[in-house]
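Have a look at the structure below, then the notes.
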Amino acid sequence: MIPRIHQQGSNTLGLLHYLYGKGTHEEHIDPHLVASFDGMAPDPGRDPSVTKKDLQHLLDQPLSLLDADQRPDKHVWHCSVRAAPDDPILSDEHWADIARRMVAATGIDPGDGAGCRWAAVRHADDHIHIIATLIREDGRRPDHHRSGKRAQAECRLIEKELGLHQIAPGDGTVAKRATSAERHKAERTGRERPAREELRETVRRAVAGASSEEEFFGRLAAAGLLIRKRIAPSGDLLGYKVALPDDRNGENEPVFYAGSTLAPDLSLPRIRERWTLPAEAVASADGSGPEQPALPDVTGPAFARRRATAATWQALLIIDNGDDGAAAAQIAGAGEVLDALAKTSAAHTRKELREAAFVFERASRSHLRAVHGHDRALRRAARDLVHSGPALGRGEDGATTAMLIDMAFFLTIAAANWHAKKHHGQQAAAARQAAEHLRAAYEAAAAESMAVLRQRGQRLAPRARQRQADLLHEVLPDLAARVQAEPGWPALAATLDDARKAGHDPGALLTEAAGRRELDTAASISDVLVWRLRRSAHLPALPENSHDTPARGSRRQGSAAPRALPKQGGLNDPSRRR
């Protein structure tokens, strides 16, 4: 159940016309009163002898008793309360009780006999609107400070008592939702999302891996956004606003949004924090600390994805074992990697990756402040992904994309469990939702490469197949039978054979891969081990001599996907360990 306190207004009758009207899209059905301050307010929806002006006069009567200089400029309080889509349809009696509880909890009518006058109107199955005049019967102003938080707390209690869908409590770090006017405008103009959400997604992609203001603003311009910078008299840049070129107001002017109104971490000062080097990096740069090894230049999308996979694995370990500031930084950095991956993905994975990045945005912020600098490797990985350009959906590009998505899937699960442990309900839910989209993206990305590896495994000589089976029983005696029964076992056998031919000790590699995290809760152990082995042994994700690559998008029987999402639990939930 979602309460929303709207901006205060000064036109009681205007709001009543909307509440009792047909709606902007004829969506208002049977508008009528369900409750009021005294239980006897006239209802222009059900009583033809009553007008909306009659109700307005009743609500505003305490205001008319004040001297003109005592009347507040904005005296109309407006709150909407909406049920979740999967909640049952509530009766008018239920909504009346909810309205009375909301005005009591928010201080509008606390039950002392002298509260504000209010009325609750229902014009749809799933929500009500409460309108009140912000003058009490005794002439004083109501104490409705922090009414939004108080309304949220009361809704959480109502959900439990009525057995409704329970929404995770927020912590004040959520990005501002699009208003109903913005959503209706998007529908009228044929936009997939409201302008606010499109801008937030575009700005986040521009931030991903950027290393300077010049690069950041260059990416915004390249994305086609209009940019308005706020400059101090000294010439210093203080902030920025962005707009979509075709998003105009009534005067045909672009509608600009400040970065801070798109999301708390998209203000210019917060973006600048991402470019701050950690103390150890600063020491290395000035010669007072150990020199950090220089990384080779990225040579293409596949290389960028391999490096991002390694960075994601290290981030996962830090989320599991690091302090709060470092873990929060890794989760924020993971958001940049997902943004960059969505930006450079192939067509058949783009939609799910874009949705994963979009919903994970909520998981990237909490009241535990990220200590930026710890996320340097992930930010570098995001930069590499962007600068390497779009990846093809086949061959090595496609296989390394699957490898990275597989690792990102488990990072989002680690993030969900970290947030759950910290009681960040909304962030944990967002991370789990992102994991669902990543799982779907993996299924599309991995179909080709896993089919090729299975074919190669099936063509191994009988002696080679038996050698890999004996090795499996030696290293994983308790899981060997299960692995051999999996559709992905031939792909694992082929990978072990590739490792041997490349000069590695396949037994040592398999032991090391199996020991990183337990395996018996994975739905496809062979799939997990294939990617671990090919990454740690620096094997091509898809062998170059795979001339029999299936057509992109083909789905062979047994193509493996990331493991099913684990049940909710704490950090000791074994389902999220690899």
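Quick note on naming: the chains in the structure tokens go A, B, ... in the order shown, residues restart at 1 in each chain, and ligands are numbered from 1 in order of appearance.
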Near-A:His348 list (9 Å; only C-alpha atoms; drop same-chain fewer than 4 positions) as a ChimeraX atom specification: /A:352,393,441,444-445,553
With all heavy atoms retained, could you export that selection as a compact mmCIF listing (two decimals), in the first residue's frame?
```txt
# COMPACT_ATOMS: atom_id res chain seq x y z
N GLU A 352 16.67 -7.28 -21.43
CA GLU A 352 16.78 -7.78 -20.06
C GLU A 352 17.92 -7.10 -19.31
O GLU A 352 17.80 -6.81 -18.12
CB GLU A 352 16.99 -9.30 -20.07
CG GLU A 352 15.80 -10.09 -20.59
CD GLU A 352 14.58 -10.00 -19.68
OE1 GLU A 352 14.70 -9.49 -18.54
OE2 GLU A 352 13.49 -10.44 -20.11
N GLY A 393 26.74 -10.57 -30.58
CA GLY A 393 26.06 -11.56 -29.76
C GLY A 393 26.52 -12.98 -30.03
O GLY A 393 25.87 -13.92 -29.60
N ALA A 441 18.69 -12.74 -19.20
CA ALA A 441 19.70 -12.31 -20.17
C ALA A 441 20.75 -13.40 -20.38
O ALA A 441 21.22 -13.61 -21.51
CB ALA A 441 20.37 -11.02 -19.68
N ALA A 444 19.75 -16.11 -22.86
CA ALA A 444 19.90 -15.71 -24.26
C ALA A 444 21.37 -15.65 -24.66
O ALA A 444 21.75 -16.07 -25.76
CB ALA A 444 19.25 -14.35 -24.48
N ALA A 445 22.23 -15.15 -23.75
CA ALA A 445 23.64 -14.97 -24.10
C ALA A 445 24.40 -16.29 -24.16
O ALA A 445 25.33 -16.44 -24.95
CB ALA A 445 24.30 -14.02 -23.08
N GLY A 553 20.73 -17.38 -31.20
CA GLY A 553 19.33 -17.45 -30.81
C GLY A 553 18.80 -18.87 -30.76
O GLY A 553 17.71 -19.10 -30.26
```
Could you produce a table of the residues of stretch 130-207 of chain A lying within 12 Å of stretch 266-274 of chain A, with the nearest pair of atoms per residue and their separation in Å rounded to one decimal, using only C-alpha atoms, ordered by chain and increasing residue number, as CSV?
```
residue,atom,partner,partner_atom,distance
A:Thr173,CA,A:Leu266,CA,11.8
A:Val174,CA,A:Leu266,CA,11.9
A:Ala175,CA,A:Leu266,CA,9.7
A:Lys176,CA,A:Leu266,CA,11.9
A:Leu199,CA,A:Leu266,CA,10.9
A:Arg200,CA,A:Leu266,CA,8.3
A:Glu201,CA,A:Leu266,CA,10.6
A:Thr202,CA,A:Leu266,CA,11.1
A:Val203,CA,A:Leu266,CA,7.7
A:Arg204,CA,A:Leu266,CA,7.6
A:Arg205,CA,A:Leu266,CA,11.1
A:Ala206,CA,A:Leu266,CA,10.5
A:Val207,CA,A:Ile271,CA,7.5
```
Distance query stretch 304-309 of chain A at most 7 Å, only C-alpha atoms, self and fewer than 2 positions along chain excluded, as an MDAnalysis selection string: chainID A and resid 298 300:302 311:313 378 381 384:385 388 400:401 404 407
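With only C-alpha atoms as the atoms that count, the residue of A:Gly14, A:Pro72, A:Pro506, A:Gly425 with the shortest distance to A:Arg365 is A:Gly425.
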Surrounding residues of stretch 45-59 of chain A excluding itself and chain neighbours under 2 positions, 8 Å, only C-alpha atoms, as a PyMOL selection string: chain A and resi 12-13+16-17+20+30-33+41-43+61-62+117-118+132-133
Print the selection's residues with N, CA and C atoms to a file, as a PDB file, in the first residue's frame.
```pdb
ATOM      1  N   THR A  12      -9.428  24.365  -3.263  1.00  0.00           N
ATOM      2  CA  THR A  12     -10.182  23.189  -2.819  1.00  0.00           C
ATOM      3  C   THR A  12     -11.157  22.720  -3.888  1.00  0.00           C
ATOM      4  N   LEU A  13     -11.899  23.665  -4.475  1.00  0.00           N
ATOM      5  CA  LEU A  13     -12.901  23.304  -5.475  1.00  0.00           C
ATOM      6  C   LEU A  13     -12.251  22.683  -6.709  1.00  0.00           C
ATOM      7  N   LEU A  16     -11.527  19.095  -5.982  1.00  0.00           N
ATOM      8  CA  LEU A  16     -12.765  18.310  -5.958  1.00  0.00           C
ATOM      9  C   LEU A  16     -13.278  18.055  -7.366  1.00  0.00           C
ATOM     10  N   HIS A  17     -13.131  19.017  -8.263  1.00  0.00           N
ATOM     11  CA  HIS A  17     -13.540  18.800  -9.654  1.00  0.00           C
ATOM     12  C   HIS A  17     -12.743  17.633 -10.261  1.00  0.00           C
ATOM     13  N   TYR A  20     -13.904  14.186  -8.516  1.00  0.00           N
ATOM     14  CA  TYR A  20     -15.232  13.743  -8.925  1.00  0.00           C
ATOM     15  C   TYR A  20     -15.419  13.768 -10.442  1.00  0.00           C
ATOM     16  N   ASP A  30     -17.414   5.885 -10.952  1.00  0.00           N
ATOM     17  CA  ASP A  30     -18.278   6.013  -9.773  1.00  0.00           C
ATOM     18  C   ASP A  30     -17.588   6.765  -8.634  1.00  0.00           C
ATOM     19  N   PRO A  31     -17.175   8.020  -8.829  1.00  0.00           N
ATOM     20  CA  PRO A  31     -16.568   8.777  -7.725  1.00  0.00           C
ATOM     21  C   PRO A  31     -17.591   8.965  -6.596  1.00  0.00           C
ATOM     22  N   HIS A  32     -17.171   8.677  -5.366  1.00  0.00           N
ATOM     23  CA  HIS A  32     -18.077   8.840  -4.227  1.00  0.00           C
ATOM     24  C   HIS A  32     -17.268   8.938  -2.936  1.00  0.00           C
ATOM     25  N   LEU A  33     -17.923   9.491  -1.935  1.00  0.00           N
ATOM     26  CA  LEU A  33     -17.306   9.676  -0.628  1.00  0.00           C
ATOM     27  C   LEU A  33     -17.334   8.361   0.143  1.00  0.00           C
ATOM     28  N   ALA A  41     -20.555  14.377   5.818  1.00  0.00           N
ATOM     29  CA  ALA A  41     -20.309  15.340   4.750  1.00  0.00           C
ATOM     30  C   ALA A  41     -21.147  15.002   3.525  1.00  0.00           C
ATOM     31  N   PRO A  42     -21.640  16.019   2.814  1.00  0.00           N
ATOM     32  CA  PRO A  42     -22.432  15.767   1.601  1.00  0.00           C
ATOM     33  C   PRO A  42     -21.576  15.147   0.505  1.00  0.00           C
ATOM     34  N   ASP A  43     -22.204  14.241  -0.262  1.00  0.00           N
ATOM     35  CA  ASP A  43     -21.464  13.524  -1.293  1.00  0.00           C
ATOM     36  C   ASP A  43     -22.023  13.873  -2.670  1.00  0.00           C
ATOM     37  N   GLN A  61     -14.823  25.892   5.768  1.00  0.00           N
ATOM     38  CA  GLN A  61     -15.476  26.777   6.734  1.00  0.00           C
ATOM     39  C   GLN A  61     -14.516  27.280   7.811  1.00  0.00           C
ATOM     40  N   PRO A  62     -13.642  26.454   8.403  1.00  0.00           N
ATOM     41  CA  PRO A  62     -12.702  27.002   9.399  1.00  0.00           C
ATOM     42  C   PRO A  62     -11.790  28.077   8.818  1.00  0.00           C
ATOM     43  N   ARG A 117     -10.817  19.539   8.865  1.00  0.00           N
ATOM     44  CA  ARG A 117     -11.909  18.934   8.129  1.00  0.00           C
ATOM     45  C   ARG A 117     -11.348  18.230   6.886  1.00  0.00           C
ATOM     46  N   TRP A 118     -11.855  17.047   6.630  1.00  0.00           N
ATOM     47  CA  TRP A 118     -11.324  16.248   5.527  1.00  0.00           C
ATOM     48  C   TRP A 118     -12.411  15.367   4.932  1.00  0.00           C
ATOM     49  N   ALA A 132      -8.040  17.675   2.596  1.00  0.00           N
ATOM     50  CA  ALA A 132      -8.248  18.306   3.901  1.00  0.00           C
ATOM     51  C   ALA A 132      -7.891  19.783   3.822  1.00  0.00           C
ATOM     52  N   THR A 133      -8.486  20.557   4.725  1.00  0.00           N
ATOM     53  CA  THR A 133      -8.178  21.980   4.855  1.00  0.00           C
ATOM     54  C   THR A 133      -7.245  22.156   6.043  1.00  0.00           C
TER      55      THR A 133
END
```
